[in-house]
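The next block is coords_38.txt, given as compact mmCIF, C-alpha atoms and all ligand atoms.
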```txt
# COMPACT_ATOMS: atom_id res chain seq x y z
CA MET A 1 54.19 -22.90 -9.13
CA GLU A 2 51.30 -22.02 -11.46
CA ASN A 3 49.32 -24.78 -9.77
CA ARG A 4 49.96 -23.43 -6.28
CA ARG A 5 48.87 -19.94 -7.22
CA HIS A 6 45.73 -21.46 -8.67
CA LEU A 7 45.02 -23.38 -5.46
CA LYS A 8 45.58 -20.25 -3.42
CA ARG A 9 43.08 -18.34 -5.53
CA ILE A 10 40.49 -21.07 -5.09
CA PHE A 11 41.11 -21.06 -1.34
CA ILE A 12 40.61 -17.28 -1.08
CA CYS A 13 37.46 -17.42 -3.19
CA SER A 14 35.92 -20.16 -1.05
CA LEU A 15 36.87 -18.34 2.15
CA THR A 16 35.13 -15.18 0.90
CA ALA A 17 32.03 -17.10 -0.12
CA VAL A 18 31.82 -18.86 3.25
CA SER A 19 32.24 -15.59 5.17
CA VAL A 20 29.50 -13.89 3.15
CA VAL A 21 27.12 -16.74 3.94
CA ILE A 22 28.04 -16.68 7.65
CA ILE A 23 27.59 -12.91 7.90
CA TYR A 24 24.28 -13.12 6.10
CA LEU A 25 22.97 -15.93 8.30
CA SER A 26 24.10 -14.24 11.48
CA THR A 27 22.27 -11.00 10.61
CA GLU A 28 19.08 -12.90 9.91
CA ARG A 29 19.44 -14.93 13.10
CA SER A 30 20.58 -12.03 15.26
CA GLU A 31 17.09 -10.53 15.21
CA HIS A 32 15.79 -13.72 16.78
CA TRP A 33 18.63 -13.74 19.31
CA THR A 34 17.99 -10.16 20.31
CA ALA A 35 14.29 -10.85 20.75
CA LEU A 36 15.02 -13.99 22.75
CA LEU A 37 17.56 -12.22 24.96
CA ALA A 38 15.14 -9.38 25.57
CA ARG A 39 12.49 -11.84 26.70
CA THR A 40 14.87 -13.85 28.89
CA PHE A 41 16.56 -10.88 30.56
CA PRO A 42 14.11 -7.99 30.58
CA THR A 43 16.04 -4.83 31.34
CA SER A 44 14.79 -2.24 33.76
CA LYS A 45 14.20 0.07 30.78
CA SER A 46 11.64 -2.22 29.17
CA LEU A 47 9.98 -2.77 32.55
CA VAL A 48 9.56 0.95 33.00
CA SER A 49 8.30 1.63 29.49
CA SER A 50 5.82 -1.26 29.64
CA SER A 51 3.55 0.76 31.89
CA ALA A 52 3.65 3.79 29.60
CA VAL A 53 3.07 2.40 26.10
CA PRO A 54 1.15 -0.66 24.99
CA GLN A 55 3.57 -3.56 24.51
CA TRP A 56 3.31 -6.07 21.74
CA GLU A 57 5.68 -8.53 20.23
CA ASP A 58 8.48 -6.97 18.20
CA PRO A 59 7.25 -7.55 14.64
CA GLY A 60 10.79 -7.98 13.24
CA PRO A 61 11.66 -6.95 9.69
CA TYR A 62 9.00 -8.87 7.75
CA HIS A 63 5.88 -8.22 9.75
CA VAL A 64 4.34 -4.97 10.92
CA ALA A 65 2.96 -3.91 14.29
CA TYR A 66 -0.81 -4.07 13.97
CA PRO A 67 -2.15 -4.50 17.50
CA ARG A 68 -5.56 -3.08 16.45
CA ASN A 69 -5.50 -0.25 18.92
CA TYR A 70 -4.36 2.66 16.81
CA LYS A 71 -6.55 5.72 17.11
CA PHE A 72 -7.62 8.31 14.62
CA ILE A 73 -6.19 11.59 15.79
CA MET A 74 -7.48 13.58 12.84
CA ASP A 75 -10.85 12.70 11.39
CA GLU A 76 -12.89 15.80 10.70
CA THR A 77 -13.96 14.93 7.21
CA PRO A 78 -17.69 15.09 6.50
CA THR A 79 -17.29 12.20 4.02
CA CYS A 80 -19.64 9.34 4.92
CA LYS A 81 -20.78 11.28 7.99
CA THR A 82 -23.03 13.79 6.26
CA THR A 83 -22.80 12.28 2.76
CA THR A 84 -23.27 8.86 1.20
CA PRO A 85 -20.80 8.62 -1.67
CA PHE A 86 -21.07 6.00 -4.37
CA LEU A 87 -17.27 5.85 -4.50
CA ILE A 88 -14.71 6.80 -1.88
CA VAL A 89 -11.20 7.39 -3.15
CA ILE A 90 -8.49 6.96 -0.53
CA VAL A 91 -4.91 7.98 -1.17
CA PRO A 92 -2.18 6.78 1.19
CA VAL A 93 0.47 9.48 1.26
CA ALA A 94 3.45 10.47 3.42
CA PRO A 95 2.74 13.33 5.87
CA SER A 96 5.34 15.55 4.20
CA GLU A 97 3.85 15.26 0.71
CA GLU A 98 1.61 18.31 0.77
CA ALA A 99 2.52 19.29 -2.80
CA THR A 100 1.36 15.89 -4.07
CA ARG A 101 -1.90 16.18 -2.14
CA ASN A 102 -2.49 19.59 -3.67
CA ALA A 103 -1.79 18.26 -7.16
CA ILE A 104 -4.38 15.54 -6.58
CA ARG A 105 -6.88 18.01 -5.08
CA ASN A 106 -6.55 20.07 -8.25
CA THR A 107 -6.90 17.15 -10.66
CA TRP A 108 -8.77 13.86 -10.22
CA GLY A 109 -9.37 14.57 -6.54
CA LYS A 110 -11.76 17.40 -7.36
CA GLU A 111 -14.17 15.31 -9.40
CA LYS A 112 -17.15 15.10 -7.06
CA VAL A 113 -20.05 14.11 -9.28
CA VAL A 114 -19.19 11.62 -11.99
CA LEU A 115 -21.89 10.02 -14.18
CA ASP A 116 -24.38 11.34 -11.59
CA GLN A 117 -22.60 9.50 -8.78
CA LEU A 118 -21.09 11.13 -5.72
CA VAL A 119 -17.31 10.61 -5.46
CA GLU A 120 -15.16 11.83 -2.56
CA THR A 121 -11.39 11.78 -2.19
CA LEU A 122 -9.52 11.51 1.13
CA PHE A 123 -5.89 11.15 2.16
CA ILE A 124 -4.67 8.79 4.85
CA ILE A 125 -1.52 9.42 6.86
CA GLY A 126 0.25 8.22 9.98
CA LEU A 127 2.41 10.21 12.39
CA PRO A 128 5.21 12.29 10.90
CA GLY A 129 8.69 11.33 12.09
CA GLY A 130 12.11 12.93 12.16
CA HIS A 131 13.48 15.99 13.88
CA ASN A 132 10.69 18.38 12.79
CA ALA A 133 7.78 16.02 13.49
CA GLU A 134 5.97 18.58 15.66
CA GLN A 135 6.15 21.28 13.02
CA GLN A 136 4.95 18.84 10.38
CA GLN A 137 2.02 17.90 12.58
CA GLU A 138 1.06 21.56 12.96
CA LYS A 139 1.20 22.07 9.21
CA LEU A 140 -0.98 19.01 8.69
CA GLU A 141 -3.58 20.39 11.05
CA GLN A 142 -3.64 23.70 9.17
CA GLU A 143 -3.92 21.85 5.88
CA ASN A 144 -6.84 19.86 7.22
CA GLU A 145 -8.60 22.97 8.50
CA GLN A 146 -8.58 24.19 4.95
CA HIS A 147 -9.55 20.97 3.16
CA HIS A 148 -11.14 18.60 5.72
CA ASP A 149 -9.86 15.63 3.77
CA LEU A 150 -7.13 14.13 5.97
CA ILE A 151 -7.51 10.99 8.05
CA GLN A 152 -4.64 10.48 10.44
CA SER A 153 -3.94 7.50 12.66
CA ASN A 154 -1.36 7.39 15.46
CA PHE A 155 1.08 4.82 14.05
CA GLN A 156 4.51 5.87 12.77
CA ASP A 157 4.21 6.68 9.07
CA SER A 158 6.86 4.94 6.97
CA TYR A 159 7.14 2.94 3.79
CA HIS A 160 7.68 -0.21 5.82
CA ASN A 161 4.40 0.45 7.69
CA LEU A 162 2.14 0.64 4.61
CA THR A 163 0.23 -2.47 5.64
CA ILE A 164 -0.77 -0.71 8.87
CA LYS A 165 -2.03 2.21 6.78
CA THR A 166 -4.15 -0.11 4.67
CA MET A 167 -5.59 -1.86 7.72
CA VAL A 168 -6.53 1.37 9.50
CA MET A 169 -8.06 2.57 6.21
CA LEU A 170 -10.30 -0.51 6.30
CA GLU A 171 -11.14 0.22 9.95
CA TRP A 172 -12.11 3.75 9.05
CA LEU A 173 -14.35 2.54 6.24
CA VAL A 174 -16.06 0.02 8.52
CA GLN A 175 -16.66 2.69 11.15
CA HIS A 176 -18.07 5.30 8.79
CA CYS A 177 -18.92 4.13 5.31
CA ALA A 178 -21.18 1.09 5.58
CA LYS A 179 -23.74 2.77 3.30
CA ALA A 180 -21.35 3.76 0.52
CA SER A 181 -20.94 1.34 -2.39
CA PHE A 182 -17.26 1.14 -3.38
CA VAL A 183 -13.80 2.30 -2.37
CA ILE A 184 -10.67 2.59 -4.44
CA LYS A 185 -7.23 2.93 -2.93
CA VAL A 186 -5.01 4.90 -5.30
CA ASP A 187 -1.31 5.55 -4.74
CA SER A 188 -0.30 9.19 -4.94
CA ASP A 189 1.85 8.80 -8.08
CA VAL A 190 -1.00 7.41 -10.13
CA LEU A 191 -3.10 8.98 -12.86
CA PHE A 192 -6.69 8.10 -12.02
CA ASN A 193 -9.47 8.28 -14.61
CA VAL A 194 -12.47 8.54 -12.29
CA GLN A 195 -15.12 8.33 -14.98
CA ASN A 196 -13.82 5.05 -16.37
CA LEU A 197 -13.88 3.46 -12.93
CA VAL A 198 -17.40 4.70 -12.15
CA LYS A 199 -18.51 3.35 -15.54
CA LEU A 200 -17.04 -0.06 -14.69
CA LEU A 201 -18.60 -0.09 -11.21
CA LEU A 202 -22.03 0.84 -12.60
CA ASP A 203 -21.86 -1.91 -15.20
CA PRO A 204 -24.48 -4.60 -14.50
CA ASN A 205 -21.77 -7.23 -15.03
CA THR A 206 -19.76 -5.88 -12.11
CA ALA A 207 -20.39 -7.72 -8.84
CA LYS A 208 -21.65 -5.48 -6.04
CA GLN A 209 -20.33 -7.70 -3.24
CA ASN A 210 -17.19 -9.70 -2.52
CA TYR A 211 -15.65 -7.70 -5.32
CA MET A 212 -12.07 -6.56 -5.58
CA THR A 213 -10.45 -5.51 -8.82
CA GLY A 214 -7.33 -3.93 -10.28
CA LEU A 215 -4.32 -5.41 -12.00
CA VAL A 216 -4.48 -8.90 -10.53
CA TRP A 217 -1.26 -10.85 -10.10
CA TRP A 218 -2.19 -14.51 -10.23
CA HIS A 219 1.21 -16.10 -9.58
CA SER A 220 3.28 -13.52 -7.81
CA PRO A 221 6.46 -15.29 -6.62
CA VAL A 222 7.64 -14.89 -3.04
CA ILE A 223 11.01 -13.15 -3.46
CA ARG A 224 13.91 -15.13 -1.96
CA ASN A 225 16.70 -12.81 -3.05
CA PRO A 226 17.88 -11.10 0.17
CA PHE A 227 18.97 -8.01 -1.76
CA ASN A 228 15.48 -7.38 -3.15
CA LYS A 229 13.37 -4.94 -1.17
CA PHE A 230 10.47 -7.43 -1.16
CA TYR A 231 12.64 -10.28 0.18
CA MET A 232 10.65 -12.72 2.26
CA PRO A 233 12.41 -15.67 3.95
CA ARG A 234 10.96 -19.17 3.96
CA HIS A 235 10.35 -19.18 7.69
CA VAL A 236 7.86 -16.30 7.21
CA ILE A 237 6.15 -17.47 3.99
CA PRO A 238 6.93 -21.10 3.10
CA GLU A 239 4.85 -21.06 -0.10
CA SER A 240 6.61 -20.12 -3.33
CA GLU A 241 3.74 -17.91 -4.57
CA TYR A 242 1.42 -15.40 -2.95
CA PRO A 243 -2.32 -15.91 -3.37
CA PRO A 244 -3.74 -13.72 -6.17
CA TYR A 245 -4.02 -10.02 -5.35
CA PRO A 246 -4.52 -6.75 -7.23
CA LEU A 247 -1.36 -4.65 -7.36
CA GLY A 248 -1.14 -1.96 -4.70
CA MET A 249 -0.95 0.97 -7.12
CA ALA A 250 -4.76 1.02 -7.39
CA TYR A 251 -7.40 -1.47 -6.31
CA ALA A 252 -11.13 -1.06 -5.90
CA MET A 253 -13.45 -3.07 -3.67
CA SER A 254 -17.09 -3.28 -2.75
CA LEU A 255 -17.73 -1.89 0.72
CA ASP A 256 -18.79 -5.20 2.27
CA LEU A 257 -15.16 -6.35 2.03
CA PRO A 258 -13.44 -4.11 4.60
CA ARG A 259 -15.38 -5.74 7.45
CA LYS A 260 -14.78 -9.24 6.10
CA ILE A 261 -11.05 -8.64 5.65
CA LEU A 262 -10.72 -7.20 9.15
CA ASP A 263 -12.61 -10.17 10.56
CA VAL A 264 -10.13 -12.73 9.17
CA SER A 265 -6.98 -10.64 9.55
CA PRO A 266 -6.27 -11.70 13.18
CA GLN A 267 -5.67 -15.22 11.85
CA ILE A 268 -2.93 -14.01 9.48
CA LYS A 269 0.10 -12.17 10.82
CA PRO A 270 0.47 -9.01 8.73
CA ILE A 271 3.52 -8.87 6.46
CA PHE A 272 4.93 -5.54 5.26
CA ILE A 273 3.81 -6.10 1.64
CA GLU A 274 0.33 -4.62 1.85
CA ASP A 275 -1.21 -5.82 -1.41
CA ALA A 276 0.07 -9.39 -0.98
CA TYR A 277 -1.28 -9.35 2.58
CA LEU A 278 -4.75 -8.44 1.31
CA GLY A 279 -4.43 -11.36 -1.11
CA MET A 280 -3.71 -13.65 1.86
CA CYS A 281 -6.83 -12.35 3.64
CA LEU A 282 -8.98 -12.77 0.51
CA LYS A 283 -7.79 -16.34 0.15
CA ARG A 284 -8.78 -17.06 3.75
CA LEU A 285 -12.21 -15.63 2.95
CA GLY A 286 -12.46 -17.85 -0.12
CA ILE A 287 -12.82 -14.78 -2.33
CA SER A 288 -10.93 -14.44 -5.58
CA PRO A 289 -10.04 -10.97 -6.90
CA THR A 290 -11.57 -10.07 -10.27
CA GLN A 291 -9.29 -9.15 -13.14
CA ALA A 292 -10.31 -5.84 -14.75
CA PRO A 293 -12.22 -6.61 -17.97
CA GLU A 294 -9.69 -4.82 -20.20
CA GLU A 295 -5.89 -4.95 -20.05
CA THR A 296 -5.82 -1.25 -20.94
CA MET A 297 -7.48 -0.25 -17.63
CA PHE A 298 -4.65 -0.67 -15.13
CA LEU A 299 -1.15 0.17 -16.36
CA VAL A 300 1.69 -0.52 -13.95
CA LYS A 301 4.79 0.52 -15.90
CA PRO A 302 3.44 1.85 -19.17
CA GLN A 303 5.53 3.25 -21.95
CA HIS A 304 5.22 7.04 -21.59
CA PRO A 305 3.95 9.26 -23.10
CA LEU A 306 0.48 7.72 -23.16
CA SER A 307 -1.57 8.40 -26.27
CA ASP A 308 -5.06 9.92 -26.23
CA CYS A 309 -6.30 6.44 -27.04
CA ASN A 310 -4.50 5.00 -23.98
CA LEU A 311 -5.90 7.77 -21.77
CA SER A 312 -9.45 7.20 -22.97
CA LYS A 313 -9.32 3.56 -21.81
CA VAL A 314 -7.27 3.73 -18.65
CA ILE A 315 -8.54 3.62 -15.07
CA ALA A 316 -5.19 3.91 -13.30
CA ALA A 317 -1.68 4.34 -14.68
CA MET A 318 1.53 4.74 -12.77
CA THR A 319 3.38 7.94 -13.61
CA THR A 320 6.94 8.96 -12.83
CA GLU A 321 6.35 12.66 -12.22
CA ILE A 322 3.45 14.51 -10.70
CA SER A 323 3.61 17.09 -13.52
CA HIS A 324 2.98 14.31 -16.04
CA MET A 325 0.00 13.15 -14.02
CA GLN A 326 -1.44 16.68 -14.19
CA LEU A 327 -0.94 16.94 -17.95
CA TYR A 328 -2.52 13.54 -18.57
CA TRP A 329 -5.50 14.48 -16.45
CA LEU A 330 -5.98 17.71 -18.43
CA ARG A 331 -5.94 15.72 -21.64
CA ILE A 332 -8.60 13.37 -20.24
CA ARG A 333 -10.71 16.38 -19.21
CA ARG A 334 -10.41 17.82 -22.70
CA GLY A 335 -11.92 14.63 -24.03
CA ALA A 336 -9.06 12.35 -25.08
CA HIS A 337 -10.47 9.64 -27.29
CA CYS A 338 -9.46 6.93 -29.69
CA PRO A 339 -9.47 7.82 -33.39
CA SER A 340 -11.02 4.44 -34.09
CA ASP A 341 -13.96 4.97 -31.68
C1 LIG B 401 5.64 1.22 12.43
O1 LIG B 401 4.70 1.73 13.34
C2 LIG B 401 4.87 1.30 14.68
C3 LIG B 401 3.74 1.88 15.50
O2 LIG B 401 3.75 3.26 15.47
C4 LIG B 401 6.24 1.74 15.20
O3 LIG B 401 6.43 1.25 16.50
C5 LIG B 401 7.32 1.25 14.27
O4 LIG B 401 8.56 1.79 14.66
C6 LIG B 401 7.03 1.66 12.84
N1 LIG B 401 8.01 1.03 11.97
C7 LIG B 401 8.71 1.71 11.08
C8 LIG B 401 9.71 0.94 10.30
O5 LIG B 401 8.54 2.89 10.88
C1 LIG B 402 -1.10 2.92 -26.05
O1 LIG B 402 -1.69 3.03 -27.31
C2 LIG B 402 -0.85 2.59 -28.37
C3 LIG B 402 -1.60 2.94 -29.63
O2 LIG B 402 -2.05 4.26 -29.59
C4 LIG B 402 -0.61 1.11 -28.22
O3 LIG B 402 0.25 0.64 -29.24
C5 LIG B 402 0.05 0.86 -26.87
O4 LIG B 402 0.17 -0.52 -26.64
C6 LIG B 402 -0.78 1.46 -25.76
N1 LIG B 402 -0.03 1.38 -24.51
C7 LIG B 402 -0.56 0.85 -23.42
C8 LIG B 402 0.35 0.83 -22.24
O5 LIG B 402 -1.68 0.40 -23.38
```

In structure tokens, how does this file's structure come out?
Ligand SMILES: *[C@@H]1O[C@H](CO)[C@@H](O)[C@H](O)[C@H]1NC(C)=O
Ligand SMILES: *[C@@H]1O[C@H](CO)[C@@H](O)[C@H](O)[C@H]1NC(C)=O
Amino acid sequence: MENRRHLKRIFICSLTAVSVVIIYLSTERSEHWTALLARTFPTSKSLVSSSAVPQWEDPGPYHVAYPRNYKFIMDETPTCKTTTPFLIVIVPVAPSEEATRNAIRNTWGKEKVVLDQLVETLFIIGLPGGHNAEQQQEKLEQENEQHHDLIQSNFQDSYHNLTIKTMVMLEWLVQHCAKASFVIKVDSDVLFNVQNLVKLLLDPNTAKQNYMTGLVWWHSPVIRNPFNKFYMPRHVIPESEYPPYPLGMAYAMSLDLPRKILDVSPQIKPIFIEDAYLGMCLKRLGISPTQAPEETMFLVKPQHPLSDCNLSKVIAAMTTEISHMQLYWLRIRRGAHCPSD
């Protein structure tokens, strides 16, 4: 009796396990089936729409649509057009995040001359989505009339599309900023110590070409857990590690690199993980990213609160709240330093 109940339990467990695997496999495969069916039996709908919008292969869940024909629909900034900055700071941000943009404009974004070098901060956005997209677009245009610091491209803005944002950022830099020296991409939740970066970039030991720095991940594993948001199946990336890349929270590069990265990118299908994708492009170029000279410069998940000593050494630190970022920046402005220095 006991034995039979035991067997029954084992049977139910195995059945559950098998069903989970089948469901999982069928969802992964179904995308391929849908794409295949769509190609084999094009419906009248897709035939009609093909004349209206540019068609490209459905990128599926792991790649992004980067057909290289997005257009800038807002680009009235004078940066690089009437100025030649030493450093351009570009912040990718969601269209709706006006409060965050204002917080940045009032803190590190307003530092224009640092160690005698011209620094300019811009925001890059895609198209707003959702039910009030038109209203959002109007608000963005008003915001830009006031600040002239928005660059907007006509792809759909979303977290999944970040790689597109990075690629159009590089396009923008190639089109306008060939004479500037460096760019840093900084995420909007990051405390950025502009002076410490400018100091590093001016250092004679810092390469002026083929240079990309930040918090470099040398052996970042390709995530095979399907429940992780960075899951990447073997059929997309067979390797077990990504090539080295600086973490997306903040990376700086010399301004010869945008053109070089764009030149090799058609050979590598863009995945949705933007920093890892840049690593793949760098590898193709035979360029290795440079680790920042001090571990204290790029802090990805630091223990908060940061001390004055931490703040005096940092270049970029992830924060959890925009109000913390503002307070840290004020402390840097008031001259945070290390007691030992
Ligand atoms: C990414 O952008 C493309 C181009 O605008 C769009 O077709 C696609 O739906 C977007 N993807 C997501 C997940 O927002
Ligand atoms: C911050 O500074 C303290 C000493 O003031 C040090 O122990 C700690 O490791 C530093 N934290 C980071 C993230 O660098």

Inset, instruction - Measuring atom to atom with all atoms listed in the file, identify which of A:Trp108, A:Trp217, A:Tyr70, A:Tyr242 is nearest to ligand LIG 401 (chain B). - result: A:Tyr70

Inset, instruction - Using only C-alpha atoms and all ligand atoms, pick whichever of A:Val300, A:Ala94, A:Met212, A:Met325 has the shortest atom-to-atom distance to ligand LIG 402 (chain B). - result: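 Ranking A:Val300, A:Ala94, A:Met212, A:Met325 by distance to ligand LIG 402 (chain B), first place goes to A:Val300.
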
Inset, instruction - Go ahead and compute the interatomic distance for atom O1 of ligand LIG 402 (chain B) and CA of Ala317 (chain A), in Å to one decimal. - result: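 Pair atom O1 of ligand LIG 402 (chain B) / CA of Ala317 (chain A) returns 12.7 Å.
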
Legend entry - Between CA of Glu111 (chain A) and CA of Pro204 (chain A) - distance in Å to one decimal: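 Going from CA of Pro204 (chain A) over to CA of Glu111 (chain A), I get 23.0 Å.
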
Inset, instruction - Pick out the closest residue to Met232 (chain A) from this set: A:Val91, A:Ala103, A:Ala276, A:Val113. Count all atoms listed in the file. - result: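 With all atoms listed in the file as the atom set, the closest residue is A:Ala276.
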
Inset, instruction - Name each residue within 12 Å of ligand LIG 401 (chain B), counting only C-alpha atoms and all ligand atoms, as a PyMOL selection string. - result: chain A and resi 53-71+94+125-130+153-165+168+271-272

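Among the candidate residues A:Leu118, A:Ala207, A:Ile332, A:Met167, the one lying nearest to Glu274 (chain A) is A:Met167, with distances computed using only C-alpha atoms.
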
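Residues in contact with ligand LIG 402 (chain B) (atom pairs separated by at most 6 Å; all atoms listed in the file) are Thr296, Pro302, Gln303, Leu306, Ser307, Cys309 and Asn310 of chain A.
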
Legend entry - Distance of CA of Leu262 (chain A) from CA of His219 (chain A), expressed in Å to one decimal place: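 Result for CA of His219 (chain A) versus CA of Leu262 (chain A): 23.9 Å, one decimal.
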
Box dimensions and centre (Å, one decimal) enclosing region 133-150 of chain A, axis-aligned, 5 Å extra per side, as JSON:
```
{"center_x": -1.7, "center_y": 19.2, "center_z": 9.4, "size_x": 28.9, "size_y": 20.1, "size_z": 22.5}
```
